[in-house]
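Structure file model-v7.cif; described as mmCIF, C-alpha atoms.
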data_model
#
loop_
_atom_site.group_PDB
_atom_site.id
_atom_site.type_symbol
_atom_site.label_atom_id
_atom_site.label_comp_id
_atom_site.auth_asym_id
_atom_site.auth_seq_id
_atom_site.Cartn_x
_atom_site.Cartn_y
_atom_site.Cartn_z
ATOM 1 C CA MET A 1 150.254 141.523 85.755
ATOM 2 C CA ALA A 2 150.930 137.888 86.662
ATOM 3 C CA PHE A 3 148.762 136.481 89.429
ATOM 4 C CA ALA A 4 149.466 133.556 91.714
ATOM 5 C CA SER A 5 147.689 130.320 91.004
ATOM 6 C CA PRO A 6 144.772 129.481 93.323
ATOM 7 C CA SER A 7 146.271 125.984 93.632
ATOM 8 C CA LEU A 8 149.097 127.252 95.816
ATOM 9 C CA LYS A 9 149.814 125.441 99.066
ATOM 10 C CA PRO A 10 147.779 126.938 101.960
ATOM 11 C CA GLY A 11 150.722 128.749 103.534
ATOM 12 C CA HIS A 12 151.888 130.182 100.221
ATOM 13 C CA ALA A 13 148.341 131.084 99.217
ATOM 14 C CA SER A 14 147.831 133.018 102.450
ATOM 15 C CA GLY A 15 151.072 134.902 101.927
ATOM 16 C CA ALA A 16 150.149 135.736 98.327
ATOM 17 C CA GLY A 17 146.659 136.797 99.378
ATOM 18 C CA ILE A 18 148.026 139.112 102.051
ATOM 19 C CA GLY A 19 150.433 140.608 99.508
ATOM 20 C CA TYR A 20 147.666 141.250 96.977
ATOM 21 C CA LEU A 21 145.389 142.731 99.618
ATOM 22 C CA VAL A 22 148.012 145.075 101.068
ATOM 23 C CA ALA A 23 148.902 146.218 97.539
ATOM 24 C CA GLY A 24 145.224 146.853 96.761
ATOM 25 C CA ILE A 25 144.687 148.809 99.968
ATOM 26 C CA THR A 26 147.809 150.843 99.210
ATOM 27 C CA VAL A 27 146.641 151.943 95.752
ATOM 28 C CA PHE A 28 143.181 152.825 97.082
ATOM 29 C CA SER A 29 144.874 154.897 99.811
ATOM 30 C CA ILE A 30 146.700 156.790 97.068
ATOM 31 C CA GLN A 31 143.310 157.478 95.456
ATOM 32 C CA ASP A 32 142.072 158.960 98.752
ATOM 33 C CA LEU A 33 145.152 161.192 98.840
ATOM 34 C CA ILE A 34 144.519 162.391 95.271
ATOM 35 C CA LEU A 35 140.882 163.205 96.063
ATOM 36 C CA LYS A 36 141.911 165.088 99.185
ATOM 37 C CA LEU A 37 144.446 167.111 97.191
ATOM 38 C CA LEU A 38 141.915 167.964 94.447
ATOM 39 C CA SER A 39 138.947 168.623 96.729
ATOM 40 C CA GLY A 40 139.802 172.278 97.278
ATOM 41 C CA ALA A 41 139.688 173.243 93.598
ATOM 42 C CA TYR A 42 137.384 170.902 91.681
ATOM 43 C CA PRO A 43 133.881 169.503 92.237
ATOM 44 C CA LEU A 44 133.554 165.872 93.242
ATOM 45 C CA TYR A 45 131.282 164.979 90.320
ATOM 46 C CA GLU A 46 133.918 166.117 87.807
ATOM 47 C CA ILE A 47 136.581 163.873 89.330
ATOM 48 C CA MET A 48 134.137 160.969 89.609
ATOM 49 C CA ILE A 49 133.096 161.238 85.946
ATOM 50 C CA MET A 50 136.737 161.016 84.902
ATOM 51 C CA ARG A 51 137.314 158.139 87.315
ATOM 52 C CA SER A 52 134.307 156.143 86.129
ATOM 53 C CA VAL A 53 134.921 156.692 82.404
ATOM 54 C CA THR A 54 138.571 155.667 82.762
ATOM 55 C CA ALA A 55 137.702 152.574 84.804
ATOM 56 C CA MET A 56 134.890 151.398 82.473
ATOM 57 C CA PRO A 57 136.978 149.680 79.741
ATOM 58 C CA LEU A 58 139.312 148.214 82.365
ATOM 59 C CA LEU A 59 136.383 146.705 84.253
ATOM 60 C CA LEU A 60 134.887 145.366 81.032
ATOM 61 C CA GLY A 61 138.195 143.611 80.434
ATOM 62 C CA LEU A 62 138.006 142.076 83.906
ATOM 63 C CA VAL A 63 134.454 140.854 83.285
ATOM 64 C CA TYR A 64 135.554 139.332 79.977
ATOM 65 C CA MET A 65 138.420 137.478 81.673
ATOM 66 C CA ASN A 66 136.093 136.272 84.459
ATOM 67 C CA GLY A 67 133.573 134.316 82.396
ATOM 68 C CA GLY A 68 132.676 136.617 79.502
ATOM 69 C CA LEU A 69 130.588 139.760 78.941
ATOM 70 C CA HIS A 70 127.347 137.759 79.003
ATOM 71 C CA LYS A 71 127.809 137.583 82.783
ATOM 72 C CA LEU A 72 126.746 141.226 82.944
ATOM 73 C CA VAL A 73 123.149 140.337 82.079
ATOM 74 C CA ALA A 74 122.899 137.178 84.151
ATOM 75 C CA GLN A 75 119.716 136.591 86.134
ATOM 76 C CA GLY A 76 119.374 139.120 88.917
ATOM 77 C CA TRP A 77 121.324 141.965 87.308
ATOM 78 C CA PRO A 78 118.816 144.612 88.567
ATOM 79 C CA GLN A 79 119.888 143.609 92.086
ATOM 80 C CA MET A 80 123.460 144.437 91.075
ATOM 81 C CA LEU A 81 122.235 147.898 90.065
ATOM 82 C CA TRP A 82 120.639 148.430 93.482
ATOM 83 C CA ARG A 83 123.763 147.218 95.221
ATOM 84 C CA GLY A 84 125.773 149.598 92.998
ATOM 85 C CA PHE A 85 123.564 152.506 94.075
ATOM 86 C CA LEU A 86 124.188 151.746 97.754
ATOM 87 C CA ALA A 87 127.929 151.474 97.127
ATOM 88 C CA SER A 88 127.819 154.784 95.227
ATOM 89 C CA CYS A 89 126.137 156.478 98.192
ATOM 90 C CA ALA A 90 128.868 155.085 100.434
ATOM 91 C CA TYR A 91 131.723 156.331 98.265
ATOM 92 C CA PHE A 92 130.214 159.770 97.644
ATOM 93 C CA ALA A 93 129.676 160.239 101.392
ATOM 94 C CA TYR A 94 133.226 159.078 102.115
ATOM 95 C CA TYR A 95 134.787 161.367 99.508
ATOM 96 C CA LEU A 96 132.771 164.366 100.692
ATOM 97 C CA ALA A 97 133.897 163.692 104.269
ATOM 98 C CA LEU A 98 137.505 163.567 103.038
ATOM 99 C CA ALA A 99 137.258 167.189 101.933
ATOM 100 C CA SER A 100 136.686 168.379 105.518
ATOM 101 C CA LEU A 101 138.270 165.781 107.791
ATOM 102 C CA PRO A 102 141.851 164.547 108.186
ATOM 103 C CA LEU A 103 142.599 161.372 106.235
ATOM 104 C CA ALA A 104 143.089 159.285 109.392
ATOM 105 C CA THR A 105 139.806 160.464 110.960
ATOM 106 C CA THR A 106 137.804 159.747 107.798
ATOM 107 C CA ALA A 107 139.321 156.282 107.392
ATOM 108 C CA ALA A 108 138.787 155.362 111.056
ATOM 109 C CA LEU A 109 135.121 156.388 111.028
ATOM 110 C CA PHE A 110 134.584 154.520 107.766
ATOM 111 C CA PHE A 111 136.010 151.396 109.422
ATOM 112 C CA THR A 112 132.834 151.163 111.468
ATOM 113 C CA ALA A 113 131.685 149.216 108.368
ATOM 114 C CA PRO A 114 132.679 145.763 109.795
ATOM 115 C CA LEU A 115 130.616 146.591 112.885
ATOM 116 C CA PHE A 116 127.588 147.492 110.747
ATOM 117 C CA ILE A 117 128.148 144.341 108.690
ATOM 118 C CA THR A 118 127.822 142.325 111.908
ATOM 119 C CA LEU A 119 124.514 144.041 112.680
ATOM 120 C CA PHE A 120 123.090 143.550 109.198
ATOM 121 C CA SER A 121 124.296 139.948 109.044
ATOM 122 C CA VAL A 122 121.982 139.262 111.973
ATOM 123 C CA VAL A 123 119.046 141.213 110.539
ATOM 124 C CA LEU A 124 119.313 140.257 106.851
ATOM 125 C CA LEU A 125 121.200 136.958 106.818
ATOM 126 C CA ARG A 126 119.973 135.570 110.161
ATOM 127 C CA GLU A 127 123.550 134.816 111.243
ATOM 128 C CA ALA A 128 124.224 134.078 114.909
ATOM 129 C CA VAL A 129 126.417 136.560 116.826
ATOM 130 C CA GLY A 130 127.763 135.768 120.276
ATOM 131 C CA PRO A 131 128.109 138.108 123.276
ATOM 132 C CA ARG A 132 131.835 138.718 122.642
ATOM 133 C CA ARG A 133 131.211 140.069 119.167
ATOM 134 C CA TRP A 134 128.304 142.169 120.439
ATOM 135 C CA ALA A 135 130.648 143.641 123.064
ATOM 136 C CA ALA A 136 133.229 144.422 120.379
ATOM 137 C CA VAL A 137 130.560 146.116 118.255
ATOM 138 C CA ALA A 138 129.509 148.255 121.239
ATOM 139 C CA ILE A 139 133.115 149.279 121.943
ATOM 140 C CA GLY A 140 133.654 150.137 118.284
ATOM 141 C CA PHE A 141 130.603 152.382 118.133
ATOM 142 C CA LEU A 142 131.668 153.996 121.400
ATOM 143 C CA GLY A 143 135.002 154.735 119.731
ATOM 144 C CA ALA A 144 133.134 156.393 116.859
ATOM 145 C CA LEU A 145 131.266 158.521 119.410
ATOM 146 C CA VAL A 146 134.611 159.526 120.950
ATOM 147 C CA MET A 147 135.798 160.688 117.529
ATOM 148 C CA LEU A 148 132.520 162.425 116.677
ATOM 149 C CA ARG A 149 132.755 164.641 119.790
ATOM 150 C CA PRO A 150 129.063 165.626 119.791
ATOM 151 C CA GLY A 151 128.464 168.972 121.428
ATOM 152 C CA ALA A 152 132.126 169.992 121.265
ATOM 153 C CA GLU A 153 133.329 173.044 119.353
ATOM 154 C CA THR A 154 135.466 170.766 117.190
ATOM 155 C CA PHE A 155 132.461 168.707 116.026
ATOM 156 C CA ASP A 156 132.145 168.550 112.232
ATOM 157 C CA TRP A 157 129.019 167.076 110.650
ATOM 158 C CA ALA A 158 131.247 165.617 107.915
ATOM 159 C CA ALA A 159 132.203 162.983 110.510
ATOM 160 C CA VAL A 160 128.593 161.780 110.432
ATOM 161 C CA MET A 161 128.952 161.398 106.665
ATOM 162 C CA ALA A 162 132.008 159.181 107.163
ATOM 163 C CA ILE A 163 130.001 156.913 109.473
ATOM 164 C CA GLY A 164 127.109 157.021 106.999
ATOM 165 C CA ALA A 165 129.573 155.846 104.358
ATOM 166 C CA GLY A 166 130.468 152.901 106.574
ATOM 167 C CA LEU A 167 126.765 152.161 107.095
ATOM 168 C CA THR A 168 125.794 152.128 103.406
ATOM 169 C CA TYR A 169 128.996 150.296 102.478
ATOM 170 C CA ALA A 170 128.114 147.603 105.017
ATOM 171 C CA ILE A 171 124.667 147.112 103.476
ATOM 172 C CA SER A 172 126.217 146.840 100.017
ATOM 173 C CA MET A 173 128.730 144.266 101.273
ATOM 174 C CA VAL A 174 126.011 142.150 102.887
ATOM 175 C CA GLN A 175 124.186 142.251 99.552
ATOM 176 C CA ALA A 176 127.432 141.259 97.833
ATOM 177 C CA ARG A 177 127.440 138.130 100.012
ATOM 178 C CA GLN A 178 123.957 137.306 98.768
ATOM 179 C CA LEU A 179 124.781 138.049 95.107
ATOM 180 C CA GLY A 180 128.267 136.549 95.113
ATOM 181 C CA ALA A 181 126.974 133.026 94.568
ATOM 182 C CA ARG A 182 125.599 134.013 91.147
ATOM 183 C CA HIS A 183 127.762 136.941 90.021
ATOM 184 C CA SER A 184 131.504 137.575 89.811
ATOM 185 C CA ALA A 185 133.209 140.409 91.679
ATOM 186 C CA ALA A 186 134.089 141.963 88.310
ATOM 187 C CA ALA A 187 130.418 142.050 87.238
ATOM 188 C CA LEU A 188 129.400 143.594 90.567
ATOM 189 C CA ALA A 189 132.150 146.195 90.174
ATOM 190 C CA PHE A 190 131.134 147.015 86.585
ATOM 191 C CA TRP A 191 127.500 147.702 87.484
ATOM 192 C CA GLY A 192 128.623 149.615 90.558
ATOM 193 C CA ASN A 193 130.888 151.777 88.403
ATOM 194 C CA LEU A 194 128.073 152.357 85.898
ATOM 195 C CA VAL A 195 125.712 153.537 88.649
ATOM 196 C CA PHE A 196 128.542 155.645 90.071
ATOM 197 C CA LEU A 197 128.930 157.348 86.674
ATOM 198 C CA ALA A 198 125.182 157.933 86.396
ATOM 199 C CA CYS A 199 125.067 159.539 89.867
ATOM 200 C CA ALA A 200 128.032 161.766 89.008
ATOM 201 C CA LEU A 201 126.331 162.886 85.774
ATOM 202 C CA VAL A 202 123.149 163.770 87.699
ATOM 203 C CA LEU A 203 125.181 165.856 90.158
ATOM 204 C CA ALA A 204 126.963 167.522 87.248
ATOM 205 C CA ALA A 205 123.622 168.445 85.657
ATOM 206 C CA VAL A 206 122.518 170.100 88.917
ATOM 207 C CA PHE A 207 125.722 171.852 89.995
ATOM 208 C CA HIS A 208 127.887 172.376 86.875
ATOM 209 C CA ASP A 209 126.996 176.052 86.436
ATOM 210 C CA GLY A 210 128.040 176.922 89.999
ATOM 211 C CA ARG A 211 124.716 178.522 90.945
ATOM 212 C CA TYR A 212 124.773 176.767 94.333
ATOM 213 C CA ASN A 213 128.443 177.432 95.013
ATOM 214 C CA GLY A 214 129.662 179.656 97.819
ATOM 215 C CA SER A 215 129.449 177.362 100.816
ATOM 216 C CA ALA A 216 132.139 177.948 103.424
ATOM 217 C CA HIS A 217 132.113 174.284 104.404
ATOM 218 C CA ALA A 218 134.698 172.233 102.513
ATOM 219 C CA SER A 219 132.422 169.233 101.979
ATOM 220 C CA LEU A 220 129.537 171.295 100.613
ATOM 221 C CA GLY A 221 131.945 173.219 98.405
ATOM 222 C CA PHE A 222 133.285 169.932 97.054
ATOM 223 C CA LEU A 223 129.711 168.927 96.189
ATOM 224 C CA THR A 224 128.249 172.180 94.804
ATOM 225 C CA ARG A 225 131.263 173.837 93.143
ATOM 226 C CA GLY A 226 130.810 174.645 89.438
ATOM 227 C CA SER A 227 132.757 172.695 86.842
ATOM 228 C CA LEU A 228 136.285 173.834 86.069
ATOM 229 C CA SER A 229 138.642 172.945 83.227
ATOM 230 C CA PRO A 230 141.494 171.006 84.869
ATOM 231 C CA THR A 231 145.166 171.586 84.202
ATOM 232 C CA LEU A 232 147.036 168.765 82.479
ATOM 233 C CA HIS A 233 148.571 167.809 85.827
ATOM 234 C CA ASP A 234 145.206 167.645 87.588
ATOM 235 C CA LEU A 235 143.605 165.875 84.619
ATOM 236 C CA ALA A 236 146.297 163.206 84.898
ATOM 237 C CA LEU A 237 145.503 162.822 88.600
ATOM 238 C CA MET A 238 141.782 162.470 87.882
ATOM 239 C CA THR A 239 142.461 159.865 85.214
ATOM 240 C CA ALA A 240 144.773 158.041 87.606
ATOM 241 C CA THR A 241 141.869 157.511 90.020
ATOM 242 C CA GLY A 242 140.139 155.391 87.365
ATOM 243 C CA VAL A 243 143.227 153.261 86.786
ATOM 244 C CA ILE A 244 143.629 152.929 90.560
ATOM 245 C CA ALA A 245 139.998 151.850 90.967
ATOM 246 C CA ALA A 246 140.388 149.072 88.389
ATOM 247 C CA ALA A 247 143.837 148.000 89.621
ATOM 248 C CA GLY A 248 142.738 148.065 93.252
ATOM 249 C CA LEU A 249 139.674 145.976 92.497
ATOM 250 C CA THR A 250 141.812 143.452 90.618
ATOM 251 C CA LEU A 251 144.247 143.139 93.510
ATOM 252 C CA LEU A 252 141.537 142.835 96.170
ATOM 253 C CA THR A 253 139.557 140.332 94.120
ATOM 254 C CA GLN A 254 142.669 138.226 93.576
ATOM 255 C CA ALA A 255 143.505 138.430 97.283
ATOM 256 C CA TYR A 256 140.154 136.938 98.300
ATOM 257 C CA ARG A 257 140.354 134.403 95.459
ATOM 258 C CA VAL A 258 143.643 132.791 96.501
ATOM 259 C CA ALA A 259 143.347 133.003 100.307
ATOM 260 C CA GLU A 260 140.706 132.586 103.008
ATOM 261 C CA SER A 261 138.940 135.815 103.878
ATOM 262 C CA ASN A 262 139.333 135.383 107.647
ATOM 263 C CA VAL A 263 143.130 135.202 107.170
ATOM 264 C CA ILE A 264 143.583 138.307 105.029
ATOM 265 C CA ALA A 265 140.640 140.589 105.960
ATOM 266 C CA PRO A 266 142.397 142.072 109.038
ATOM 267 C CA PHE A 267 145.083 143.454 106.715
ATOM 268 C CA GLU A 268 142.523 145.858 105.272
ATOM 269 C CA TYR A 269 143.309 147.950 108.331
ATOM 270 C CA THR A 270 146.719 148.782 106.825
ATOM 271 C CA ALA A 271 144.691 151.620 105.256
ATOM 272 C CA MET A 272 144.926 153.350 108.644
ATOM 273 C CA LEU A 273 148.727 153.348 108.434
ATOM 274 C CA TRP A 274 148.647 155.019 105.023
ATOM 275 C CA SER A 275 146.035 157.545 106.163
ATOM 276 C CA VAL A 276 148.131 158.596 109.132
ATOM 277 C CA LEU A 277 151.325 158.723 107.043
ATOM 278 C CA PHE A 278 149.798 160.684 104.145
ATOM 279 C CA GLY A 279 148.066 163.070 106.555
ATOM 280 C CA TRP A 280 151.357 163.764 108.298
ATOM 281 C CA VAL A 281 153.495 164.095 105.136
ATOM 282 C CA PHE A 282 151.117 166.045 102.878
ATOM 283 C CA PHE A 283 148.894 167.961 105.318
ATOM 284 C CA HIS A 284 151.043 168.133 108.468
ATOM 285 C CA SER A 285 148.209 166.738 110.591
ATOM 286 C CA LEU A 286 148.108 163.956 113.151
ATOM 287 C CA PRO A 287 145.208 162.846 115.385
ATOM 288 C CA ASP A 288 145.131 164.296 118.894
ATOM 289 C CA ALA A 289 144.895 162.124 122.023
ATOM 290 C CA GLN A 290 141.108 161.777 121.795
ATOM 291 C CA GLY A 291 141.362 160.973 118.103
ATOM 292 C CA TRP A 292 143.954 158.243 118.765
ATOM 293 C CA LEU A 293 141.706 156.774 121.469
ATOM 294 C CA GLY A 294 138.772 156.573 119.054
ATOM 295 C CA ILE A 295 140.960 155.056 116.334
ATOM 296 C CA VAL A 296 142.268 152.366 118.696
ATOM 297 C CA MET A 297 138.740 151.524 119.858
ATOM 298 C CA ILE A 298 137.288 151.293 116.330
ATOM 299 C CA VAL A 299 140.212 149.400 114.797
ATOM 300 C CA GLY A 300 140.541 147.101 117.799
ATOM 301 C CA ALA A 301 136.829 146.291 117.756
ATOM 302 C CA GLY A 302 136.853 145.706 113.999
ATOM 303 C CA LEU A 303 139.851 143.381 114.210
ATOM 304 C CA TYR A 304 138.252 141.421 117.040
ATOM 305 C CA VAL A 305 135.002 141.048 115.071
ATOM 306 C CA LEU A 306 136.997 139.715 112.103
ATOM 307 C CA TYR A 307 138.906 137.366 114.431
ATOM 308 C CA ARG A 308 135.706 135.946 115.926
ATOM 309 C CA GLU A 309 134.211 135.621 112.465
ATOM 310 C CA GLY A 310 137.263 133.615 111.420
ATOM 311 C CA LEU A 311 136.871 131.292 114.385
ATOM 312 C CA ARG A 312 133.197 130.774 113.603
ATOM 313 C CA ARG A 313 133.957 129.846 109.988
ATOM 314 C CA SER A 314 136.796 127.520 110.937
ATOM 315 C CA ARG A 315 134.411 125.555 113.186
#
Please render this file's structure as structure tokens.
Amino acid sequence: MAFASPSLKPGHASGAGIGYLVAGITVFSIQDLILKLLSGAYPLYEIMIMRSVTAMPLLLGLVYMNGGLHKLVAQGWPQMLWRGFLASCAYFAYYLALASLPLATTAALFFTAPLFITLFSVVLLREAVGPRRWAAVAIGFLGALVMLRPGAETFDWAAVMAIGAGLTYAISMVQARQLGARHSAAALAFWGNLVFLACALVLAAVFHDGRYNGSAHASLGFLTRGSLSPTLHDLALMTATGVIAAAGLTLLTQAYRVAESNVIAPFEYTAMLWSVLFGWVFFHSLPDAQGWLGIVMIVGAGLYVLYREGLRRSR
């Protein structure tokens, strides 16, 4: 794959960065679709082991091309392990929520992450946040409450897991800001993938024999189901998630390398378009009026937070 040069003119660099980012979001959205399709038959740990093993050599290649393999043991690598554990918690929670919730609902609740990042930037990085961004954060969390529907018959605790995924992802991203000055994105991704594999192997050791299976809830079933030999078709899909993870990381890393983050970050919300489209095409589901209201509030708040962050950086 040929990447654009980081010496592009600003306008061209922004266009290239947007293109890379949208492509990366698209392939990760396909991964979500695959996991949703497989979640009714296979355990999550089995898919994640295949994903992590497939991605490992690809990520090693990325590390090698981004400064050499010695970067993996640079000073502070245990912090990369901790950050990888937090990211693993985020992804496991997100994937488990996918098993029970519509794609669009899961993605929207996960997009509370920029709001959490704002909170943790104040607490951990001592960054200043103005009243407008605080208002946007409040509106975004209110939108999440609208989608959660606490007390309603339609409430599903898996929605709390999706928000928890956004929370832990936000912490891992704030840590990535702190570690990014010393470590490449490829090195962070490698250690994250290694921790992800270790967590999946632990889950496999606990649940592989199916002794805890039998839960009627889709998310718990996805977690506790016993291991199952996949068909060739499903094995290909599982392997594809590893290729997607490496390809998506490459595209997203390149996007933020050639263009300013405040210009391209709002395009991460194109994931919502794919979630709605895939949910409609493959599962014949669309959000109801209350769901659309929550989506608009969360996405609108997140975009405004990114916009204000861009203004702050430009000053």
Where does stretch 124-210 of chain A meet stretch 298-311 of chain A within 8 Å, residue by residue, with the nearest atom pair and distance in Å to one decimal for each, counting only C-alpha atoms, listed by chain and rising number, as a tab-separated table?
residue	atom	partner	partner_atom	distance
A:Arg133	CA	A:Val305	CA	5.7
A:Ala136	CA	A:Ala301	CA	4.8
A:Val137	CA	A:Ala301	CA	6.3
A:Ile139	CA	A:Ala301	CA	6.3
A:Gly140	CA	A:Ile298	CA	4.3
A:Phe141	CA	A:Ile298	CA	7.0
A:Gly143	CA	A:Ile298	CA	5.4
A:Ala144	CA	A:Ile298	CA	6.6
Straight-line distance linking atom CA of A:Met147 with atom CA of A:Phe278, stated in Å to one decimal
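Interatomic distance here is 19.4 Å.
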Nearest to A:Asn193: which of A:Arg83, A:Lys36, A:Lys71, A:Arg132 is it, counting all atoms listed in the file?
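For A:Asn193, the nearest of the candidates is A:Arg83.
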Might you spell out which residues the PyMOL selection byres ((chain A and resi 20-24) around 6) would select in the displayed file, as a PDB file with C-alpha atoms, in the coordinates of the input?
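The file below, out04.pdb, is the result:
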ATOM      1  CA  GLY A  17     146.659 136.797  99.378  1.00  0.00           C
ATOM      2  CA  ILE A  18     148.026 139.112 102.051  1.00  0.00           C
ATOM      3  CA  GLY A  19     150.433 140.608  99.508  1.00  0.00           C
ATOM      4  CA  ILE A  25     144.687 148.809  99.968  1.00  0.00           C
ATOM      5  CA  THR A  26     147.809 150.843  99.210  1.00  0.00           C
ATOM      6  CA  VAL A  27     146.641 151.943  95.752  1.00  0.00           C
ATOM      7  CA  GLY A 248     142.738 148.065  93.252  1.00  0.00           C
ATOM      8  CA  LEU A 251     144.247 143.139  93.510  1.00  0.00           C
ATOM      9  CA  LEU A 252     141.537 142.835  96.170  1.00  0.00           C
ATOM     10  CA  ALA A 255     143.505 138.430  97.283  1.00  0.00           C
TER      11      ALA A 255
END
Who sits within 12 Å of A:Asn66, all atoms listed in the file, same chain under 2 positions skipped, as a VMD selection string
chain A and resid 59 to 64 68 to 72 183 to 188 250 253 to 254 257
Can you translate the PyMOL selection byres ((chain A and resi 39) around 12) into the concrete residues it hits in this file, as a PyMOL selection string?
chain A and resi 32-38+40-48+95-101+217-225+234+237-238
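Between A:Val53 and the candidates A:Leu115, A:Val243, A:Ala104, A:Leu203, the tightest atom-to-atom separation, counting all atoms listed in the file, involves A:Val243.
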Figure out the distance between atom CA of A:Gly242 and atom CA of A:Met50, please, to one decimal in Å.
7.0 Å
Between atom CA of A:Arg51 and atom CA of A:Thr239, measure the distance and give it in Å to one decimal.
5.8 Å
Report the residues retrieved by the PyMOL selection byres ((chain A and resi 197) around 8) from the displayed file, expressed as a PDB file with C-alpha atoms, keeping the file's coordinate frame.
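New file result_12.pdb:
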ATOM      1  CA  MET A  48     134.137 160.969  89.609  1.00  0.00           C
ATOM      2  CA  ILE A  49     133.096 161.238  85.946  1.00  0.00           C
ATOM      3  CA  SER A  52     134.307 156.143  86.129  1.00  0.00           C
ATOM      4  CA  VAL A  53     134.921 156.692  82.404  1.00  0.00           C
ATOM      5  CA  ASN A 193     130.888 151.777  88.403  1.00  0.00           C
ATOM      6  CA  LEU A 194     128.073 152.357  85.898  1.00  0.00           C
ATOM      7  CA  VAL A 195     125.712 153.537  88.649  1.00  0.00           C
ATOM      8  CA  PHE A 196     128.542 155.645  90.071  1.00  0.00           C
ATOM      9  CA  ALA A 198     125.182 157.933  86.396  1.00  0.00           C
ATOM     10  CA  CYS A 199     125.067 159.539  89.867  1.00  0.00           C
ATOM     11  CA  ALA A 200     128.032 161.766  89.008  1.00  0.00           C
ATOM     12  CA  LEU A 201     126.331 162.886  85.774  1.00  0.00           C
TER      13      LEU A 201
END
Would you please work out which residue, of A:Tyr169, A:Phe282, A:Phe92, A:Trp274, is nearest to A:Ala113 when using only C-alpha atoms?
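Among the listed residues, the smallest separation from A:Ala113 belongs to A:Tyr169.
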Go through A:Leu109, A:Val174, A:Ala74, A:Ile117 and flag the residue nearest A:Leu142, using all atoms listed in the file for the distances.
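Result for the nearest residue to A:Leu142: A:Leu109.
The residue that comes closest to A:Phe120, out of A:Thr270, A:Ser172, A:Met65, A:His233 and on the basis of only C-alpha atoms, is A:Ser172.
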Missing atoms of stretch 39-50 of chain A rebuilt to N, CA, C and O atoms, written as a CSV table (one decimal), in the coordinates of the input:
chain,number,residue,atom,x,y,z
A,39,SER,N,140.3,168.2,96.2
A,39,SER,CA,138.9,168.6,96.7
A,39,SER,C,138.8,170.1,96.9
A,39,SER,O,137.7,170.6,97.0
A,40,GLY,N,139.9,170.8,97.0
A,40,GLY,CA,139.8,172.3,97.3
A,40,GLY,C,139.6,173.1,96.0
A,40,GLY,O,139.3,174.3,96.1
A,41,ALA,N,139.8,172.5,94.8
A,41,ALA,CA,139.7,173.2,93.6
A,41,ALA,C,138.6,172.8,92.7
A,41,ALA,O,138.0,173.6,91.9
A,42,TYR,N,138.3,171.5,92.7
A,42,TYR,CA,137.4,170.9,91.7
A,42,TYR,C,136.2,170.3,92.4
A,42,TYR,O,136.2,169.9,93.6
A,43,PRO,N,135.1,170.2,91.7
A,43,PRO,CA,133.9,169.5,92.2
A,43,PRO,C,134.1,168.0,92.2
A,43,PRO,O,134.7,167.4,91.3
A,44,LEU,N,133.4,167.3,93.1
A,44,LEU,CA,133.6,165.9,93.2
A,44,LEU,C,133.0,165.2,92.0
A,44,LEU,O,133.6,164.2,91.5
A,45,TYR,N,131.9,165.7,91.5
A,45,TYR,CA,131.3,165.0,90.3
A,45,TYR,C,132.2,165.0,89.1
A,45,TYR,O,132.3,164.0,88.3
A,46,GLU,N,133.0,166.0,88.9
A,46,GLU,CA,133.9,166.1,87.8
A,46,GLU,C,135.0,165.0,87.9
A,46,GLU,O,135.3,164.4,86.9
A,47,ILE,N,135.6,164.9,89.1
A,47,ILE,CA,136.6,163.9,89.3
A,47,ILE,C,136.0,162.5,89.2
A,47,ILE,O,136.6,161.6,88.6
A,48,MET,N,134.8,162.3,89.7
A,48,MET,CA,134.1,161.0,89.6
A,48,MET,C,133.7,160.6,88.2
A,48,MET,O,133.8,159.4,87.8
A,49,ILE,N,133.4,161.5,87.3
A,49,ILE,CA,133.1,161.2,85.9
A,49,ILE,C,134.4,160.7,85.3
A,49,ILE,O,134.4,159.7,84.6
A,50,MET,N,135.5,161.4,85.5
A,50,MET,CA,136.7,161.0,84.9
A,50,MET,C,137.1,159.6,85.4
A,50,MET,O,137.6,158.8,84.7
